[in-house]
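Have a look at work_38.csv below; it lists CSV, C-alpha atoms.
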chain,number,residue,atom,x,y,z
R,1,MET,CA,33.5,-48.9,-22.0
R,2,MET,CA,35.9,-46.3,-23.2
R,3,LYS,CA,39.1,-47.4,-24.9
R,4,ILE,CA,42.5,-45.8,-25.2
R,5,HIS,CA,44.4,-46.6,-28.3
R,6,ASP,CA,48.1,-46.0,-27.5
R,7,PHE,CA,51.6,-47.4,-27.1
R,8,LYS,CA,52.8,-47.7,-23.5
R,9,GLY,CA,55.9,-45.9,-22.6
R,10,PHE,CA,55.7,-43.2,-25.3
R,11,PRO,CA,55.5,-39.6,-24.1
R,12,ASN,CA,52.1,-38.6,-25.4
R,13,PRO,CA,50.4,-41.9,-24.2
R,14,ALA,CA,52.0,-41.2,-20.8
R,15,ARG,CA,50.2,-37.9,-20.6
R,16,VAL,CA,46.8,-39.5,-20.8
R,17,ARG,CA,47.8,-42.4,-18.6
R,18,ILE,CA,48.8,-40.0,-15.9
R,19,ALA,CA,45.6,-38.0,-16.3
R,20,LEU,CA,43.6,-41.2,-16.0
R,21,ALA,CA,45.5,-42.2,-12.8
R,22,GLU,CA,45.1,-38.7,-11.3
R,23,LYS,CA,41.3,-39.0,-11.9
R,24,GLY,CA,41.1,-42.6,-10.7
R,25,LEU,CA,39.8,-43.7,-14.1
R,26,THR,CA,42.5,-46.1,-15.2
R,27,ASP,CA,40.3,-49.1,-14.6
R,28,ALA,CA,37.4,-47.4,-16.5
R,29,VAL,CA,39.2,-47.7,-19.8
R,30,GLN,CA,40.4,-50.6,-21.9
R,31,PHE,CA,43.8,-50.1,-23.5
R,32,VAL,CA,44.4,-51.2,-27.1
R,33,THR,CA,48.0,-51.3,-28.3
R,34,VAL,CA,48.9,-49.5,-31.5
R,35,ASP,CA,52.2,-50.8,-32.9
R,36,VAL,CA,53.8,-47.5,-33.4
R,37,PRO,CA,57.4,-48.8,-33.8
R,38,GLY,CA,56.0,-51.1,-36.5
R,39,GLY,CA,54.3,-48.2,-38.3
R,40,GLU,CA,50.7,-49.2,-37.5
R,41,HIS,CA,49.8,-45.6,-36.8
R,42,LYS,CA,50.4,-44.7,-40.4
R,43,GLY,CA,48.1,-47.5,-41.8
R,44,ALA,CA,44.6,-46.9,-43.1
R,45,ASP,CA,42.9,-48.5,-40.1
R,46,PHE,CA,44.5,-46.2,-37.6
R,47,LEU,CA,44.2,-43.1,-39.9
R,48,ALA,CA,40.5,-43.6,-39.9
R,49,LYS,CA,40.6,-43.1,-36.1
R,50,ASN,CA,43.1,-40.2,-36.2
R,51,PRO,CA,44.2,-38.7,-39.5
R,52,GLY,CA,47.0,-37.0,-37.6
R,53,ALA,CA,48.6,-40.5,-37.3
R,54,ALA,CA,49.4,-40.0,-33.6
R,55,VAL,CA,48.6,-41.9,-30.3
R,56,PRO,CA,46.8,-41.7,-28.0
R,57,VAL,CA,43.2,-41.8,-29.2
R,58,LEU,CA,40.2,-42.0,-26.8
R,59,GLU,CA,37.3,-44.0,-28.1
R,60,LEU,CA,34.1,-43.1,-26.4
R,61,ALA,CA,31.4,-45.8,-25.7
R,62,ASP,CA,29.4,-44.5,-28.7
R,63,GLY,CA,32.3,-45.0,-31.1
R,64,THR,CA,33.5,-41.3,-31.3
R,65,TYR,CA,37.2,-41.0,-31.6
R,66,ILE,CA,38.9,-38.1,-29.7
R,67,SER,CA,42.6,-37.4,-30.4
R,68,GLU,CA,44.9,-34.7,-29.1
R,69,CYS,CA,45.9,-35.0,-25.5
R,70,THR,CA,44.4,-31.6,-24.5
R,71,ALA,CA,41.0,-32.6,-25.8
R,72,ILE,CA,41.2,-36.1,-24.2
R,73,THR,CA,42.4,-34.7,-20.8
R,74,GLY,CA,39.7,-32.1,-20.8
R,75,TYR,CA,37.1,-34.8,-21.4
R,76,LEU,CA,38.4,-37.1,-18.7
R,77,ASP,CA,38.8,-34.2,-16.3
R,78,HIS,CA,35.1,-33.3,-16.4
R,79,LEU,CA,33.9,-36.9,-16.0
R,80,VAL,CA,34.8,-37.0,-12.3
R,81,GLY,CA,35.8,-34.5,-9.6
R,82,GLU,CA,39.1,-34.0,-7.9
R,83,PRO,CA,41.9,-33.2,-8.7
R,84,VAL,CA,40.9,-30.6,-11.3
R,85,LEU,CA,43.4,-30.8,-14.1
R,86,THR,CA,42.1,-28.1,-16.5
R,87,GLY,CA,41.0,-25.4,-14.1
R,88,GLY,CA,38.0,-24.6,-12.0
R,89,ASP,CA,37.1,-21.0,-12.8
R,90,LEU,CA,37.2,-19.1,-16.0
R,91,LYS,CA,40.5,-17.3,-15.5
R,92,ARG,CA,42.3,-20.4,-14.3
R,93,ARG,CA,41.0,-22.4,-17.3
R,94,ALA,CA,42.4,-19.7,-19.6
R,95,VAL,CA,45.8,-19.7,-17.9
R,96,ILE,CA,46.0,-23.5,-18.1
R,97,GLN,CA,45.0,-23.5,-21.8
R,98,MET,CA,47.7,-20.9,-22.5
R,99,MET,CA,50.4,-22.6,-20.5
R,100,GLN,CA,49.5,-25.9,-22.0
R,101,ARG,CA,50.3,-24.5,-25.5
R,102,ARG,CA,53.6,-23.2,-24.1
R,103,ALA,CA,54.5,-26.5,-22.7
R,104,GLU,CA,53.6,-28.2,-25.9
R,105,SER,CA,55.2,-25.9,-28.5
R,106,GLY,CA,58.1,-24.8,-26.3
R,107,LEU,CA,59.0,-28.1,-24.8
R,108,LEU,CA,57.3,-31.3,-25.8
R,109,ASP,CA,56.8,-30.6,-29.5
R,110,ALA,CA,60.2,-29.0,-29.7
R,111,VAL,CA,61.8,-32.1,-28.3
R,112,ALA,CA,59.7,-34.3,-30.6
R,113,THR,CA,60.8,-32.3,-33.6
R,114,TYR,CA,64.4,-32.7,-32.7
R,115,PHE,CA,64.0,-36.4,-32.2
R,116,HIS,CA,62.2,-37.0,-35.5
R,117,HIS,CA,64.4,-34.7,-37.6
R,118,ALA,CA,67.9,-34.6,-36.1
R,119,THR,CA,68.3,-38.1,-34.6
R,120,PRO,CA,67.5,-41.5,-36.2
R,121,GLY,CA,64.1,-41.2,-34.5
R,122,LEU,CA,61.9,-44.2,-35.0
R,123,GLY,CA,64.2,-45.5,-37.8
R,124,PRO,CA,64.3,-45.0,-41.6
R,125,GLU,CA,61.1,-46.8,-42.3
R,126,ILE,CA,59.1,-44.4,-40.2
R,127,GLU,CA,61.1,-41.2,-40.5
R,128,THR,CA,60.6,-40.7,-44.3
R,129,TYR,CA,61.3,-37.0,-44.2
R,130,GLN,CA,64.0,-35.4,-42.0
R,131,ASN,CA,65.2,-31.8,-41.8
R,132,ARG,CA,68.3,-31.8,-39.6
R,133,ASP,CA,68.6,-28.0,-39.5
R,134,TRP,CA,65.0,-27.6,-38.3
R,135,GLY,CA,65.6,-30.4,-35.8
R,136,GLU,CA,68.6,-28.6,-34.4
R,137,LYS,CA,66.7,-25.4,-34.2
R,138,SER,CA,63.9,-27.2,-32.3
R,139,ARG,CA,66.5,-28.6,-29.9
R,140,ALA,CA,67.5,-25.0,-29.1
R,141,ARG,CA,63.8,-24.1,-28.6
R,142,ALA,CA,63.4,-27.0,-26.2
R,143,LEU,CA,66.3,-25.8,-24.1
R,144,ALA,CA,64.8,-22.3,-24.1
R,145,GLY,CA,61.5,-23.8,-23.0
R,146,MET,CA,63.3,-25.6,-20.1
R,147,GLY,CA,64.8,-22.3,-19.1
R,148,TYR,CA,61.5,-20.5,-19.3
R,149,PHE,CA,59.8,-22.9,-17.0
R,150,ASP,CA,62.7,-22.9,-14.6
R,151,GLN,CA,62.3,-19.2,-14.3
R,152,LEU,CA,58.6,-19.5,-13.6
R,153,LEU,CA,59.2,-22.0,-10.9
R,154,GLN,CA,61.0,-19.3,-9.0
R,155,HIS,CA,57.6,-17.9,-8.0
R,156,GLN,CA,55.3,-20.9,-8.2
R,157,ASP,CA,55.2,-24.6,-7.3
R,158,TYR,CA,53.8,-25.9,-10.6
R,159,LEU,CA,54.1,-25.0,-14.2
R,160,ALA,CA,50.7,-23.2,-14.4
R,161,GLY,CA,50.6,-21.7,-10.9
R,162,ASP,CA,50.3,-23.0,-7.4
R,163,GLN,CA,48.4,-26.1,-8.2
R,164,PHE,CA,49.1,-29.2,-10.1
R,165,SER,CA,47.4,-29.2,-13.6
R,166,MET,CA,47.6,-30.9,-17.0
R,167,VAL,CA,50.4,-28.5,-17.8
R,168,ASP,CA,52.6,-30.3,-15.4
R,169,ILE,CA,51.7,-33.6,-17.1
R,170,THR,CA,52.7,-32.1,-20.4
R,171,GLY,CA,55.9,-30.7,-19.1
R,172,PHE,CA,56.8,-34.0,-17.5
R,173,ALA,CA,56.1,-35.9,-20.8
R,174,GLY,CA,58.4,-33.3,-22.4
R,175,LEU,CA,61.2,-34.3,-20.1
R,176,ILE,CA,60.5,-38.0,-20.6
R,177,PHE,CA,60.9,-37.3,-24.3
R,178,ALA,CA,64.0,-35.3,-23.7
R,179,ASP,CA,65.5,-38.3,-22.0
R,180,ILE,CA,64.7,-40.5,-25.0
R,181,ALA,CA,66.1,-37.8,-27.3
R,182,LYS,CA,69.2,-37.4,-25.1
R,183,ILE,CA,68.6,-33.7,-24.4
R,184,ASP,CA,69.9,-33.2,-20.9
R,185,ILE,CA,68.4,-30.6,-18.6
R,186,PRO,CA,71.1,-28.0,-18.2
R,187,ALA,CA,72.8,-28.3,-14.7
R,188,GLU,CA,71.9,-24.7,-13.7
R,189,LEU,CA,68.1,-25.3,-14.1
R,190,THR,CA,67.8,-26.5,-10.5
R,191,ARG,CA,64.2,-25.5,-10.0
R,192,LEU,CA,63.1,-27.5,-13.0
R,193,LYS,CA,65.0,-30.5,-11.7
R,194,SER,CA,63.5,-30.2,-8.2
R,195,TRP,CA,60.0,-29.7,-9.7
R,196,ARG,CA,60.5,-32.9,-11.8
R,197,ALA,CA,61.6,-34.8,-8.7
R,198,ARG,CA,58.5,-33.7,-6.8
R,199,ILE,CA,56.2,-34.6,-9.7
R,200,THR,CA,57.8,-38.0,-10.2
R,201,ALA,CA,56.8,-38.8,-6.6
R,202,ARG,CA,53.1,-38.5,-7.4
R,203,PRO,CA,51.3,-41.8,-7.3
R,204,SER,CA,49.9,-41.2,-10.8
R,205,ILE,CA,53.3,-40.8,-12.3
R,206,ALA,CA,54.9,-43.5,-10.3
R,207,SER,CA,52.2,-45.9,-11.6
R,208,ILE,CA,52.8,-45.6,-15.3
P,1,MET,CA,38.1,-2.9,-19.0
P,2,MET,CA,39.6,-5.8,-20.9
P,3,LYS,CA,42.2,-5.0,-23.5
P,4,ILE,CA,43.3,-6.8,-26.7
P,5,HIS,CA,46.9,-6.2,-27.8
P,6,ASP,CA,47.0,-7.0,-31.5
P,7,PHE,CA,47.6,-5.7,-35.0
P,8,LYS,CA,44.5,-5.4,-37.1
P,9,GLY,CA,44.3,-7.3,-40.3
P,10,PHE,CA,46.7,-10.1,-39.3
P,11,PRO,CA,45.2,-13.6,-39.2
P,12,ASN,CA,45.5,-14.5,-35.5
P,13,PRO,CA,44.2,-11.1,-34.4
P,14,ALA,CA,41.3,-11.7,-36.8
P,15,ARG,CA,40.4,-14.9,-34.9
P,16,VAL,CA,39.8,-13.1,-31.6
P,17,ARG,CA,38.1,-10.1,-33.3
P,18,ILE,CA,35.6,-12.5,-35.0
P,19,ALA,CA,35.0,-14.3,-31.7
P,20,LEU,CA,34.4,-10.9,-30.0
P,21,ALA,CA,31.9,-9.9,-32.7
P,22,GLU,CA,30.2,-13.3,-32.5
P,23,LYS,CA,29.7,-12.8,-28.7
P,24,GLY,CA,28.7,-9.2,-29.0
P,25,LEU,CA,31.8,-8.2,-26.9
P,26,THR,CA,33.6,-6.0,-29.4
P,27,ASP,CA,32.7,-2.8,-27.5
P,28,ALA,CA,33.6,-4.4,-24.2
P,29,VAL,CA,37.3,-4.4,-25.0
P,30,GLN,CA,39.9,-1.7,-25.7
P,31,PHE,CA,42.2,-2.4,-28.6
P,32,VAL,CA,45.9,-1.6,-28.2
P,33,THR,CA,48.0,-1.7,-31.4
P,34,VAL,CA,51.3,-3.7,-31.3
P,35,ASP,CA,53.5,-2.7,-34.2
P,36,VAL,CA,54.3,-6.2,-35.5
P,37,PRO,CA,55.7,-5.1,-38.9
P,38,GLY,CA,58.1,-2.8,-36.9
P,39,GLY,CA,59.1,-5.7,-34.7
P,40,GLU,CA,57.5,-4.4,-31.5
P,41,HIS,CA,56.3,-7.9,-30.6
P,42,LYS,CA,59.9,-9.0,-30.2
P,43,GLY,CA,60.8,-6.2,-27.8
P,44,ALA,CA,61.1,-6.6,-24.0
P,45,ASP,CA,57.9,-4.8,-23.2
P,46,PHE,CA,55.8,-7.1,-25.3
P,47,LEU,CA,57.7,-10.2,-24.3
P,48,ALA,CA,56.7,-9.5,-20.7
P,49,LYS,CA,53.1,-9.8,-21.9
P,50,ASN,CA,53.7,-12.9,-24.1
P,51,PRO,CA,57.1,-14.6,-24.2
P,52,GLY,CA,55.9,-16.3,-27.3
P,53,ALA,CA,56.2,-13.0,-29.1
P,54,ALA,CA,52.8,-13.3,-30.8
P,55,VAL,CA,49.6,-11.3,-31.0
P,56,PRO,CA,46.8,-11.2,-29.9
P,57,VAL,CA,47.1,-11.0,-26.1
P,58,LEU,CA,44.0,-10.5,-23.9
P,59,GLU,CA,44.7,-8.3,-20.8
P,60,LEU,CA,42.1,-8.9,-18.1
P,61,ALA,CA,40.9,-6.1,-15.9
P,62,ASP,CA,43.2,-7.4,-13.1
P,63,GLY,CA,46.3,-7.2,-15.3
P,64,THR,CA,46.5,-10.9,-16.2
P,65,TYR,CA,47.7,-11.5,-19.7
P,66,ILE,CA,46.2,-14.4,-21.7
P,67,SER,CA,47.8,-15.4,-25.0
P,68,GLU,CA,47.0,-18.2,-27.4
P,69,CYS,CA,43.8,-17.8,-29.4
P,70,THR,CA,42.2,-21.0,-28.1
P,71,ALA,CA,42.7,-19.8,-24.5
P,72,ILE,CA,41.4,-16.3,-25.3
P,73,THR,CA,38.4,-17.6,-27.2
P,74,GLY,CA,37.5,-20.0,-24.5
P,75,TYR,CA,37.5,-17.2,-21.9
P,76,LEU,CA,35.4,-14.9,-24.0
P,77,ASP,CA,33.0,-17.7,-24.9
P,78,HIS,CA,32.1,-18.3,-21.3
P,79,LEU,CA,31.6,-14.6,-20.4
P,80,VAL,CA,28.3,-14.4,-22.3
P,81,GLY,CA,25.8,-16.8,-23.8
P,82,GLU,CA,25.0,-17.5,-27.5
P,83,PRO,CA,26.4,-18.5,-29.8
P,84,VAL,CA,28.5,-21.1,-28.1
P,85,LEU,CA,31.9,-21.2,-29.8
P,86,THR,CA,33.7,-23.9,-27.8
P,87,GLY,CA,31.0,-26.5,-27.2
P,88,GLY,CA,28.1,-27.0,-24.9
P,89,ASP,CA,28.4,-30.5,-23.6
P,90,LEU,CA,31.4,-32.5,-22.8
P,91,LYS,CA,31.7,-34.5,-26.0
P,92,ARG,CA,31.2,-31.5,-28.2
P,93,ARG,CA,33.8,-29.6,-26.2
P,94,ALA,CA,36.3,-32.4,-26.8
P,95,VAL,CA,35.5,-32.6,-30.5
P,96,ILE,CA,36.0,-28.9,-30.8
P,97,GLN,CA,39.3,-28.9,-28.9
P,98,MET,CA,40.5,-31.8,-31.2
P,99,MET,CA,39.4,-30.1,-34.4
P,100,GLN,CA,40.8,-26.8,-33.3
P,101,ARG,CA,44.3,-28.5,-33.1
P,102,ARG,CA,43.8,-30.0,-36.5
P,103,ALA,CA,42.8,-26.6,-38.0
P,104,GLU,CA,45.8,-25.0,-36.3
P,105,SER,CA,48.5,-27.5,-37.1
P,106,GLY,CA,47.1,-28.7,-40.4
P,107,LEU,CA,46.2,-25.4,-41.9
P,108,LEU,CA,46.9,-22.1,-40.0
P,109,ASP,CA,50.2,-23.0,-38.6
P,110,ALA,CA,51.2,-24.8,-41.7
P,111,VAL,CA,50.5,-21.7,-43.8
P,112,ALA,CA,52.3,-19.5,-41.3
P,113,THR,CA,55.4,-21.7,-41.4
P,114,TYR,CA,55.4,-21.6,-45.2
P,115,PHE,CA,55.0,-17.8,-45.1
P,116,HIS,CA,57.8,-17.2,-42.5
P,117,HIS,CA,60.2,-19.8,-44.0
P,118,ALA,CA,59.8,-20.0,-47.7
P,119,THR,CA,58.7,-16.5,-48.7
P,120,PRO,CA,60.1,-13.1,-47.6
P,121,GLY,CA,57.6,-13.1,-44.8
P,122,LEU,CA,57.7,-10.0,-42.7
P,123,GLY,CA,61.1,-9.0,-44.2
P,124,PRO,CA,64.7,-9.7,-43.3
P,125,GLU,CA,64.7,-7.7,-40.1
P,126,ILE,CA,62.0,-9.9,-38.6
P,127,GLU,CA,62.7,-13.2,-40.3
P,128,THR,CA,66.1,-13.8,-38.8
P,129,TYR,CA,66.0,-17.6,-39.4
P,130,GLN,CA,64.4,-19.2,-42.4
P,131,ASN,CA,64.4,-22.9,-43.4
P,132,ARG,CA,63.1,-23.0,-47.0
P,133,ASP,CA,62.8,-26.8,-47.2
P,134,TRP,CA,60.7,-26.9,-44.0
P,135,GLY,CA,58.6,-24.0,-45.4
P,136,GLU,CA,57.9,-25.9,-48.6
P,137,LYS,CA,57.0,-29.0,-46.6
P,138,SER,CA,54.6,-27.0,-44.6
P,139,ARG,CA,53.0,-25.6,-47.7
P,140,ALA,CA,52.3,-29.2,-48.7
P,141,ARG,CA,50.8,-29.8,-45.3
P,142,ALA,CA,48.6,-26.8,-45.6
P,143,LEU,CA,47.3,-28.1,-49.0
P,144,ALA,CA,46.7,-31.5,-47.4
P,145,GLY,CA,44.8,-29.7,-44.6
P,146,MET,CA,42.6,-28.0,-47.1
P,147,GLY,CA,41.8,-31.3,-48.7
P,148,TYR,CA,41.0,-32.9,-45.3
P,149,PHE,CA,38.5,-30.2,-44.4
P,150,ASP,CA,37.0,-30.3,-47.9
P,151,GLN,CA,36.3,-34.0,-47.4
P,152,LEU,CA,34.7,-33.4,-44.0
P,153,LEU,CA,32.4,-30.8,-45.5
P,154,GLN,CA,30.9,-33.6,-47.6
P,155,HIS,CA,29.0,-34.7,-44.5
P,156,GLN,CA,28.7,-31.6,-42.3
P,157,ASP,CA,28.1,-27.8,-42.7
P,158,TYR,CA,30.9,-26.6,-40.5
P,159,LEU,CA,34.5,-27.7,-39.8
P,160,ALA,CA,33.7,-29.3,-36.4
P,161,GLY,CA,30.2,-30.6,-37.1
P,162,ASP,CA,26.8,-29.1,-37.9
P,163,GLN,CA,27.2,-25.9,-35.9
P,164,PHE,CA,29.5,-22.9,-36.3
P,165,SER,CA,32.4,-23.0,-33.7
P,166,MET,CA,35.8,-21.5,-33.1
P,167,VAL,CA,37.2,-24.1,-35.4
P,168,ASP,CA,35.5,-22.3,-38.3
P,169,ILE,CA,37.1,-19.1,-37.2
P,170,THR,CA,40.5,-20.8,-37.1
P,171,GLY,CA,40.0,-22.3,-40.5
P,172,PHE,CA,38.8,-19.0,-41.9
P,173,ALA,CA,42.0,-17.3,-40.5
P,174,GLY,CA,44.0,-20.0,-42.1
P,175,LEU,CA,42.5,-19.1,-45.5
P,176,ILE,CA,43.1,-15.4,-44.9
P,177,PHE,CA,46.7,-16.3,-44.2
P,178,ALA,CA,46.8,-18.5,-47.3
P,179,ASP,CA,45.8,-15.5,-49.4
P,180,ILE,CA,48.6,-13.4,-47.9
P,181,ALA,CA,51.1,-16.3,-48.5
P,182,LYS,CA,49.7,-16.8,-52.0
P,183,ILE,CA,48.6,-20.4,-51.5
P,184,ASP,CA,45.5,-20.8,-53.6
P,185,ILE,CA,42.7,-23.2,-52.6
P,186,PRO,CA,42.9,-26.0,-55.2
P,187,ALA,CA,40.1,-25.6,-57.8
P,188,GLU,CA,38.6,-29.0,-57.0
P,189,LEU,CA,38.0,-28.2,-53.3
P,190,THR,CA,34.6,-26.8,-54.1
P,191,ARG,CA,33.1,-27.7,-50.7
P,192,LEU,CA,35.8,-25.7,-48.9
P,193,LYS,CA,35.2,-22.8,-51.2
P,194,SER,CA,31.5,-22.8,-50.6
P,195,TRP,CA,32.0,-23.1,-46.9
P,196,ARG,CA,34.3,-20.1,-47.0
P,197,ALA,CA,31.7,-18.1,-48.9
P,198,ARG,CA,29.0,-19.0,-46.4
P,199,ILE,CA,31.3,-18.1,-43.4
P,200,THR,CA,32.3,-14.8,-45.0
P,201,ALA,CA,28.7,-13.7,-45.0
P,202,ARG,CA,28.4,-13.9,-41.2
P,203,PRO,CA,28.1,-10.4,-39.7
P,204,SER,CA,31.0,-11.1,-37.4
P,205,ILE,CA,33.4,-11.8,-40.3
P,206,ALA,CA,32.0,-9.1,-42.5
P,207,SER,CA,32.7,-6.6,-39.7
P,208,ILE,CA,36.4,-7.2,-39.3

Translate the structure of the given file into structure tokens.
Amino acid sequence: MMKIHDFKGFPNPARVRIALAEKGLTDAVQFVTVDVPGGEHKGADFLAKNPGAAVPVLELADGTYISECTAITGYLDHLVGEPVLTGGDLKRRAVIQMMQRRAESGLLDAVATYFHHATPGLGPEIETYQNRDWGEKSRARALAGMGYFDQLLQHQDYLAGDQFSMVDITGFAGLIFADIAKIDIPAELTRLKSWRARITARPSIASI
Amino acid sequence: MMKIHDFKGFPNPARVRIALAEKGLTDAVQFVTVDVPGGEHKGADFLAKNPGAAVPVLELADGTYISECTAITGYLDHLVGEPVLTGGDLKRRAVIQMMQRRAESGLLDAVATYFHHATPGLGPEIETYQNRDWGEKSRARALAGMGYFDQLLQHQDYLAGDQFSMVDITGFAGLIFADIAKIDIPAELTRLKSWRARITARPSIASI
């Protein structure tokens, strides 16, 4: 049986839990809790699974560890059929990979960097290096990312086009993290807010 | 005909040029120079192609713009057969996607951040925000990344296993960038150096 090593409620674990729910695979994996608030992800046991010290990690039945949400989601997506989260044809796959990077670097990672560098983050035991100026710069980048996706939603229903994809999951996790980091969506970004409301109603997201 | 908008000799453009050469597709694309040293990538015309303000960008025959080297390489990889750069089966694809992120964040992006933040980079007109402390931190991350891949090469011939893949291209571009940024590979990382020598002998890399 596959295992997911993660910590429930955190933004990146939420990405894979939503993908599992979309694919109907939640009951096909066993969840193993990694005590991230306690620093377990920085210990030798966990680093042997993911030297990047981040959850979630997918453990395949043969013992292979797969980290990085994009890699995990791609794997899960191809195990079973609908809905296709990473693109059906070649062009759509390329667009989704591209937009996934934009949602990560322009929103989710930007928020995370703000959280870990310009707020108390996970506390002084975990946040052993902080760079406030870089954190504040990343906050501005996150807001610019919100604005970018709001603009896109003028012409399309989802972040990577007219169909739901893993990019929507990444964007949604970015907004969960923005809540935690207390970065409000600017009031004028009404399309982003209504997209969020629509996404939140999906059973996969309501379930986590 | 497909187009590649890039600037020859820069590390990220090199990634796609190597992938094209590996796939025998170099003559199937038209190269369009973007004057990055002159700041053209930050102008409105280019931002309409890639709001991330980075080369390279693949322009498909239908006018679609694909940025992000991973997305471009995946697209090109599936156009024609051998060698497979992004993985044949599901598990290998996942491993390559995971290792690609490690090669990007732990090496190439780390070197780039050092270059843009803790050195003169592309000059004061282009580098309008620098954070020296973050740059130095990123230099340390790049050196750690070199050490990580050197360790891996104890048990495998290439960065993502026993076969050449896009991760090797990314790692190679990271070392090109390290040369530009004057980050030397530590003398003791002999496996990384011999991997680099092996990779450099590939016709695709010798050709760029």

| field | Test item: chain R residues at most 9 Å from chain P, counting all atoms listed in the file, as a ChimeraX atom specification | value | /R:51-52,60,64-75,78-79,90-91,93-99,101-102,106,131,133-134,148

| query | Leaving out range 158-165 of chain P and any residue of its chain fewer than 3 positions from it, which residues lie within 9 Å of it when counting all atoms listed in the file, given as number ranges by chain? | reply | P: 83-87, 92, 95-96, 98-100, 103, 149-150, 152-153, 155, 168-169, 171, 195, 199

| task | Have a look at P:Thr113, P:Gln151, P:Ser194, P:Thr200 and name the one nearest to Gly135 in chain P; count all atoms listed in the file. | result | P:Thr113

| field | Long-range neighbours of Gly38 in chain R as a ChimeraX atom specification, 12 Å cut-off, only C-alpha atoms, 5 positions minimum in chain | value | /R:7,33,43,122-127

| Residue with smallest distance to Lys23 in chain P - pool P:Lys193, P:Thr119, P:Phe46, P:Val80, counting only C-alpha atoms | P:Val80

| Residues near Asp62 in chain P, cut-off 12 Å, all atoms listed in the file, skip fewer than 6 positions along chain, as a count of residues only | 4

| request: Mind giving me the straight-line distance from CA of Pro37 in chain R to CA of Ile208 in chain R in Å, one decimal? | output: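 Atom-to-atom, CA of Pro37 in chain R and CA of Ile208 in chain R are spaced 19.3 Å apart.
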
| field | Distance criterion (only C-alpha atoms): nearest to Ala110 in chain P out of P:Leu143, P:Ala53, P:Leu192, P:Val34 | value |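 Going through P:Leu143, P:Ala53, P:Leu192, P:Val34 one by one, the smallest distance to Ala110 in chain P is for P:Leu143.
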
Neighbours of Arg17 in chain R within 12 Å (all atoms listed in the file; same-chain residues fewer than 4 positions away dropped), as a PDB file with C-alpha atoms, keeping the file's coordinate frame?
ATOM      1  CA  LYS R   3      39.100 -47.400 -24.900  1.00  0.00           C
ATOM      2  CA  ILE R   4      42.500 -45.800 -25.200  1.00  0.00           C
ATOM      3  CA  HIS R   5      44.400 -46.600 -28.300  1.00  0.00           C
ATOM      4  CA  ASP R   6      48.100 -46.000 -27.500  1.00  0.00           C
ATOM      5  CA  PHE R   7      51.600 -47.400 -27.100  1.00  0.00           C
ATOM      6  CA  LYS R   8      52.800 -47.700 -23.500  1.00  0.00           C
ATOM      7  CA  GLY R   9      55.900 -45.900 -22.600  1.00  0.00           C
ATOM      8  CA  PHE R  10      55.700 -43.200 -25.300  1.00  0.00           C
ATOM      9  CA  PRO R  11      55.500 -39.600 -24.100  1.00  0.00           C
ATOM     10  CA  ASN R  12      52.100 -38.600 -25.400  1.00  0.00           C
ATOM     11  CA  PRO R  13      50.400 -41.900 -24.200  1.00  0.00           C
ATOM     12  CA  ALA R  21      45.500 -42.200 -12.800  1.00  0.00           C
ATOM     13  CA  GLU R  22      45.100 -38.700 -11.300  1.00  0.00           C
ATOM     14  CA  LYS R  23      41.300 -39.000 -11.900  1.00  0.00           C
ATOM     15  CA  GLY R  24      41.100 -42.600 -10.700  1.00  0.00           C
ATOM     16  CA  LEU R  25      39.800 -43.700 -14.100  1.00  0.00           C
ATOM     17  CA  THR R  26      42.500 -46.100 -15.200  1.00  0.00           C
ATOM     18  CA  ASP R  27      40.300 -49.100 -14.600  1.00  0.00           C
ATOM     19  CA  ALA R  28      37.400 -47.400 -16.500  1.00  0.00           C
ATOM     20  CA  VAL R  29      39.200 -47.700 -19.800  1.00  0.00           C
ATOM     21  CA  GLN R  30      40.400 -50.600 -21.900  1.00  0.00           C
ATOM     22  CA  PHE R  31      43.800 -50.100 -23.500  1.00  0.00           C
ATOM     23  CA  VAL R  55      48.600 -41.900 -30.300  1.00  0.00           C
ATOM     24  CA  PRO R  56      46.800 -41.700 -28.000  1.00  0.00           C
ATOM     25  CA  VAL R  57      43.200 -41.800 -29.200  1.00  0.00           C
ATOM     26  CA  LEU R  58      40.200 -42.000 -26.800  1.00  0.00           C
ATOM     27  CA  CYS R  69      45.900 -35.000 -25.500  1.00  0.00           C
ATOM     28  CA  ILE R  72      41.200 -36.100 -24.200  1.00  0.00           C
ATOM     29  CA  THR R  73      42.400 -34.700 -20.800  1.00  0.00           C
ATOM     30  CA  LEU R  76      38.400 -37.100 -18.700  1.00  0.00           C
ATOM     31  CA  MET R 166      47.600 -30.900 -17.000  1.00  0.00           C
ATOM     32  CA  ILE R 169      51.700 -33.600 -17.100  1.00  0.00           C
ATOM     33  CA  THR R 170      52.700 -32.100 -20.400  1.00  0.00           C
ATOM     34  CA  ALA R 173      56.100 -35.900 -20.800  1.00  0.00           C
ATOM     35  CA  PRO R 203      51.300 -41.800  -7.300  1.00  0.00           C
ATOM     36  CA  SER R 204      49.900 -41.200 -10.800  1.00  0.00           C
ATOM     37  CA  ILE R 205      53.300 -40.800 -12.300  1.00  0.00           C
ATOM     38  CA  ALA R 206      54.900 -43.500 -10.300  1.00  0.00           C
ATOM     39  CA  SER R 207      52.200 -45.900 -11.600  1.00  0.00           C
ATOM     40  CA  ILE R 208      52.800 -45.600 -15.300  1.00  0.00           C
TER      41      ILE R 208
END

| note | In Å and to one decimal, CA of Gly121 in chain P is distant from CA of Arg196 in chain P by 24.4 Å
